[in-house]
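> Supplied structure: model_32.cif, mmCIF, C-alpha atoms.
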```cif
data_run
loop_
_atom_site.label_atom_id
_atom_site.label_comp_id
_atom_site.auth_asym_id
_atom_site.auth_seq_id
_atom_site.Cartn_x
_atom_site.Cartn_y
_atom_site.Cartn_z
CA GLY A 107 135.41 -56.53 276.80
CA SER A 108 132.00 -56.16 278.40
CA VAL A 109 130.22 -55.99 275.01
CA GLY A 110 131.09 -59.52 273.94
CA ALA A 111 130.25 -61.06 270.59
CA ALA A 112 127.37 -58.61 270.14
CA GLY A 113 129.99 -55.97 269.34
CA ALA A 114 130.39 -57.55 265.90
CA PHE A 115 126.91 -56.32 264.99
CA THR A 116 127.44 -52.68 265.96
CA ALA A 117 128.15 -49.83 263.53
CA SER A 118 131.66 -49.51 264.94
CA SER A 119 132.51 -52.94 263.54
CA SER A 120 132.38 -51.33 260.08
CA ILE A 121 135.83 -49.89 260.88
CA LEU A 122 137.14 -53.43 261.24
CA VAL A 123 135.43 -54.43 257.97
CA GLY A 124 137.23 -51.53 256.28
CA MET A 125 140.58 -52.63 257.68
CA LEU A 126 140.00 -56.23 256.59
CA SER A 127 139.10 -55.06 253.09
CA THR A 128 142.70 -54.00 252.50
CA ALA A 129 143.65 -57.69 252.45
CA TYR A 130 141.86 -58.15 249.12
CA MET A 131 142.91 -55.08 247.16
CA ALA A 132 145.02 -56.87 244.53
CA HIS A 133 142.42 -56.62 241.76
CA PHE A 134 144.59 -54.29 239.68
CA ASN A 135 147.22 -57.02 239.39
CA ALA A 136 144.75 -59.73 238.34
CA PRO A 137 145.38 -59.38 234.57
CA LYS A 138 149.14 -59.51 235.18
CA PHE A 139 148.82 -62.63 237.32
CA TYR A 140 146.69 -64.29 234.64
CA THR A 141 149.12 -63.39 231.86
CA GLU A 142 152.16 -64.66 233.76
CA LEU A 143 150.47 -67.92 234.86
CA LYS A 144 151.90 -71.01 233.16
CA ASN A 145 149.26 -72.68 230.99
CA ASN A 146 146.90 -69.82 231.82
CA THR A 147 143.47 -71.36 231.42
CA ILE A 148 140.46 -70.08 233.33
CA PRO A 149 140.13 -73.24 235.51
CA ARG A 150 143.82 -73.02 236.49
CA TYR A 151 143.48 -69.32 237.23
CA LEU A 152 140.40 -69.92 239.39
CA THR A 153 142.37 -72.52 241.32
CA VAL A 154 145.11 -69.98 241.99
CA VAL A 155 142.59 -67.31 243.03
CA ASN A 156 140.59 -69.60 245.32
CA THR A 157 143.72 -70.99 246.96
CA SER A 158 145.20 -67.53 247.46
CA PHE A 159 142.02 -66.11 248.97
CA ALA A 160 141.64 -69.10 251.29
CA ALA A 161 145.25 -68.73 252.47
CA SER A 162 144.83 -64.98 252.94
CA ILE A 163 141.61 -65.37 254.94
CA SER A 164 143.17 -68.04 257.15
CA ILE A 165 146.32 -66.02 257.88
CA PHE A 166 144.46 -62.77 258.58
CA ALA A 167 141.84 -64.47 260.77
CA THR A 168 144.50 -66.32 262.77
CA MET A 169 146.70 -63.28 263.35
CA ALA A 170 143.77 -61.01 264.22
CA SER A 171 142.36 -63.57 266.66
CA LEU A 172 145.69 -64.15 268.40
CA GLY A 173 146.30 -60.41 268.72
CA PHE A 174 142.86 -59.66 270.13
CA LEU A 175 142.88 -62.65 272.49
CA THR A 176 146.23 -61.44 273.85
CA PHE A 177 145.55 -57.71 274.30
CA GLY A 178 141.77 -57.33 273.95
CA ALA A 179 140.51 -53.75 273.67
CA SER A 180 144.07 -52.45 274.18
CA SER A 181 145.17 -53.88 270.81
CA SER A 182 147.13 -51.37 268.76
CA GLY A 183 146.50 -50.73 265.07
CA LEU A 184 149.86 -52.43 264.50
CA ILE A 185 149.74 -55.30 267.00
CA LEU A 186 153.55 -55.51 267.22
CA ASN A 187 153.50 -52.13 269.00
CA ASN A 188 151.79 -53.81 271.95
CA TYR A 189 154.86 -55.91 272.69
CA SER A 190 157.85 -54.78 274.71
CA PRO A 191 160.75 -53.28 272.73
CA LYS A 192 162.96 -55.72 274.66
CA ASP A 193 161.14 -58.72 273.21
CA LYS A 194 163.72 -60.15 270.78
CA LEU A 195 161.26 -62.40 268.96
CA MET A 196 158.94 -59.48 268.29
CA GLY A 197 161.95 -57.48 267.16
CA LEU A 198 162.60 -60.12 264.51
CA SER A 199 158.92 -60.00 263.57
CA LYS A 200 159.15 -56.24 262.99
CA ILE A 201 162.14 -56.81 260.70
CA ALA A 202 160.15 -59.45 258.81
CA VAL A 203 157.21 -57.04 258.41
CA ALA A 204 159.57 -54.32 257.17
CA LEU A 205 161.06 -56.67 254.57
CA SER A 206 157.58 -57.74 253.49
CA LEU A 207 156.55 -54.13 252.98
CA VAL A 208 159.71 -53.25 251.08
CA PHE A 209 159.36 -56.11 248.60
CA SER A 210 155.56 -56.05 248.17
CA TYR A 211 155.16 -52.27 247.99
CA PRO A 212 156.29 -51.98 244.34
CA LEU A 213 153.44 -54.27 243.24
CA ALA A 214 150.82 -52.00 244.78
CA PHE A 215 152.61 -48.80 243.82
CA VAL A 216 152.96 -49.64 240.11
CA GLY A 217 149.26 -50.50 239.97
CA ALA A 218 148.33 -47.20 241.66
CA ARG A 219 150.65 -45.16 239.41
CA ASP A 220 149.46 -46.78 236.19
CA GLY A 221 145.87 -46.45 237.31
CA LEU A 222 146.37 -42.73 237.92
CA LEU A 223 147.86 -42.33 234.44
CA ASP A 224 144.95 -44.21 232.88
CA LEU A 225 142.46 -42.10 234.83
CA LEU A 226 144.10 -38.89 233.60
CA LYS A 227 144.38 -40.37 230.08
CA ILE A 228 148.09 -39.66 229.84
CA LYS A 229 149.56 -41.49 226.86
CA ASN A 230 153.07 -39.99 226.65
CA ARG A 231 154.85 -42.03 229.33
CA THR A 232 158.55 -41.41 228.87
CA ASN A 233 161.08 -42.73 231.39
CA SER A 234 161.86 -39.24 232.67
CA PHE A 235 158.15 -38.50 233.18
CA LEU A 236 157.55 -41.80 234.97
CA ASN A 237 160.58 -41.24 237.20
CA SER A 238 159.42 -37.72 238.13
CA LEU A 239 155.89 -38.94 238.81
CA THR A 240 157.19 -41.82 240.92
CA VAL A 241 159.31 -39.48 243.05
CA GLY A 242 156.39 -37.08 243.46
CA ILE A 243 153.90 -39.75 244.55
CA LEU A 244 156.41 -41.44 246.85
CA GLY A 245 157.30 -38.10 248.41
CA THR A 246 153.65 -37.30 249.08
CA ILE A 247 152.97 -40.73 250.59
CA THR A 248 156.10 -40.56 252.74
CA ALA A 249 155.18 -37.08 254.02
CA ALA A 250 151.70 -38.35 254.94
CA ALA A 251 153.22 -41.36 256.72
CA LEU A 252 155.36 -39.05 258.85
CA VAL A 253 152.32 -37.01 259.90
CA ILE A 254 149.78 -39.79 260.51
CA PRO A 255 150.88 -41.73 263.63
CA ASP A 256 148.27 -44.51 263.63
CA VAL A 257 148.48 -47.06 260.80
CA SER A 258 145.02 -48.39 261.68
CA PHE A 259 143.50 -45.06 260.55
CA VAL A 260 145.08 -45.43 257.11
CA LEU A 261 144.02 -49.08 256.82
CA ALA A 262 140.45 -48.39 257.90
CA PHE A 263 140.03 -45.33 255.67
CA ALA A 264 141.57 -46.99 252.61
CA GLY A 265 139.55 -50.15 253.18
CA SER A 266 136.26 -48.31 253.70
CA THR A 267 136.71 -46.27 250.51
CA LEU A 268 138.98 -47.91 247.94
CA GLY A 269 138.71 -51.39 249.39
CA ASN A 270 134.92 -51.52 249.38
CA ALA A 271 134.83 -49.99 245.90
CA LEU A 272 137.23 -52.60 244.50
CA ILE A 273 135.62 -55.54 246.27
CA TYR A 274 131.90 -54.78 246.09
CA VAL A 275 131.09 -51.92 243.72
CA PHE A 276 133.31 -52.10 240.63
CA PRO A 277 132.98 -55.88 240.06
CA ALA A 278 129.18 -55.60 240.28
CA LEU A 279 129.10 -52.74 237.77
CA MET A 280 131.48 -54.59 235.43
CA PHE A 281 129.36 -57.75 235.66
CA ARG A 282 126.16 -55.81 234.90
CA ALA A 283 127.81 -54.17 231.89
CA ALA A 284 128.99 -57.56 230.60
CA ILE A 285 125.50 -59.08 230.94
CA ASN A 286 123.88 -56.06 229.27
CA LYS A 287 126.08 -56.66 226.20
CA LEU A 288 124.71 -60.17 225.75
CA PRO A 289 122.12 -60.59 222.96
CA LYS A 290 119.73 -62.32 225.35
CA ALA A 291 120.46 -62.71 229.04
CA THR A 292 119.00 -65.69 230.89
CA LYS A 293 116.83 -65.39 233.99
CA LEU A 294 119.68 -66.72 236.10
CA GLN A 295 122.06 -64.08 234.74
CA LYS A 296 119.54 -61.33 235.44
CA PHE A 297 119.14 -62.64 238.97
CA GLU A 298 122.93 -62.68 239.39
CA VAL A 299 123.05 -59.03 238.31
CA LYS A 300 120.50 -58.10 240.98
CA ALA A 301 122.45 -60.08 243.59
CA ALA A 302 125.69 -58.37 242.56
CA LEU A 303 124.10 -54.91 242.76
CA THR A 304 122.70 -55.77 246.20
CA SER A 305 126.20 -56.73 247.29
CA ALA A 306 127.48 -53.42 245.90
CA ALA A 307 124.85 -51.51 247.89
CA LEU A 308 125.86 -53.34 251.07
CA GLY A 309 129.50 -52.51 250.35
CA ILE A 310 128.67 -48.82 249.97
CA GLY A 311 126.74 -48.92 253.23
CA PHE A 312 129.63 -50.53 255.10
CA GLY A 313 132.03 -48.04 253.55
CA VAL A 314 129.98 -45.00 254.58
CA MET A 315 129.52 -46.31 258.12
CA GLY A 316 133.23 -47.11 258.35
CA VAL A 317 134.31 -43.61 257.29
CA VAL A 318 131.78 -41.92 259.59
CA LYS A 319 132.75 -44.00 262.64
CA LEU A 320 136.43 -43.60 261.86
CA LEU A 321 136.20 -39.80 261.68
CA GLN A 322 134.13 -39.76 264.86
CA SER A 323 136.85 -41.74 266.64
CA VAL A 324 139.54 -39.15 265.87
CA VAL A 325 137.52 -35.95 266.31
#
```
Would you put the structure from the file into structure tokens?

Amino acid sequence: GSVGAAGAFTASSSILVGMLSTAYMAHFNAPKFYTELKNNTIPRYLTVVNTSFAASISIFATMASLGFLTFGASSSGLILNNYSPKDKLMGLSKIAVALSLVFSYPLAFVGARDGLLDLLKIKNRTNSFLNSLTVGILGTITAAALVIPDVSFVLAFAGSTLGNALIYVFPALMFRAAINKLPKATKLQKFEVKAALTSAALGIGFGVMGVVKLLQSVV
């Protein structure tokens, strides 16, 4: 557009930051990944994490760049919607995306359901209760999906709130709590705590700006 690269430094770019944050919201599965890793040592786990994040960043950056370079400011929240329904290759891509969602959704859903149960401190988790809860949550999410037409709104809102909390805020608070439990923290560790809290503050700022700009865009 006419704004150019300077647009990346505007408050509106916080919406994009929120959308991108959804790419890294797998924290709740981290313990499960570590447990299931063969020969699960910390160095091996760090290798898996670093490789996965690098691959995720590369794929997201490539796809986002290609979509924007093709359609510019007219890019849809779901870039496949910009292509003609008669485009057979894009039709296959939509099928691939649908299959990806179907098979990856249970991973995110189980984490969200178990997290809700932990938050409410519900210990009695019988099969009938879990089935009823699953149907209820799925029904609510499906009803919301039928009402909200733009997937970019959901991505941006979830990224600006939950995404920023998981990526910036909670890890910083957990790290500070871990350091505070040490008998005697080093100067470097104290500095790392301050750096982590600064990162958390920046995350909160981006999240607030993202939500504000997002609501302004739909009002």
> May I have the residues within 6 Å of region 271-282 of chain A as a list in words, using only C-alpha atoms and disregarding those fewer than 3 positions away in the same chain?
Leu268, Ile285, Val299, Ala302, Leu303, Ala306 and Gly309 of chain A
> Keeping C-alpha atoms, export the residues of the selection given above as a PDB file, keeping the file's coordinate frame.

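Contents of again35.pdb, freshly written:
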```pdb
ATOM      1  CA  LEU A 268     138.980 -47.910 247.940  1.00  0.00           C
ATOM      2  CA  ILE A 285     125.500 -59.080 230.940  1.00  0.00           C
ATOM      3  CA  VAL A 299     123.050 -59.030 238.310  1.00  0.00           C
ATOM      4  CA  ALA A 302     125.690 -58.370 242.560  1.00  0.00           C
ATOM      5  CA  LEU A 303     124.100 -54.910 242.760  1.00  0.00           C
ATOM      6  CA  ALA A 306     127.480 -53.420 245.900  1.00  0.00           C
ATOM      7  CA  GLY A 309     129.500 -52.510 250.350  1.00  0.00           C
TER       8      GLY A 309
END
```
> Please enumerate the residues selected by the PyMOL selection byres ((chain A and resi 217-225) around 10) when evaluated against the supplied file, formatted as a list in words.
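For this structure, the PyMOL selection byres ((chain A and resi 217-225) around 10) captures Ala132, His133, Phe134, Asn135, Pro212, Leu213, Ala214, Phe215, Val216, Leu226, Lys227, Ile228, Lys229, Asn230, Arg231, Leu236, Leu239, Thr240 and Ile243 of chain A.
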> Between A:Ile185, A:Ala136, A:Ala283, A:Leu205, which residue has the minimum interatomic distance to Ser171 (chain A), considering only C-alpha atoms?
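Among A:Ile185, A:Ala136, A:Ala283, A:Leu205, it is A:Ile185 that comes nearest to Ser171 (chain A).
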> For CA of Gly316 (chain A) and CA of Gly183 (chain A), determine how far apart the two atoms are, in Å to one decimal place.
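These atoms are spaced 15.3 Å apart.
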> Which residue is closest to Ile310 (chain A)? Choose from A:Thr267, A:Gln295, A:Asn286, A:Thr248 and count only C-alpha atoms.
A:Thr267
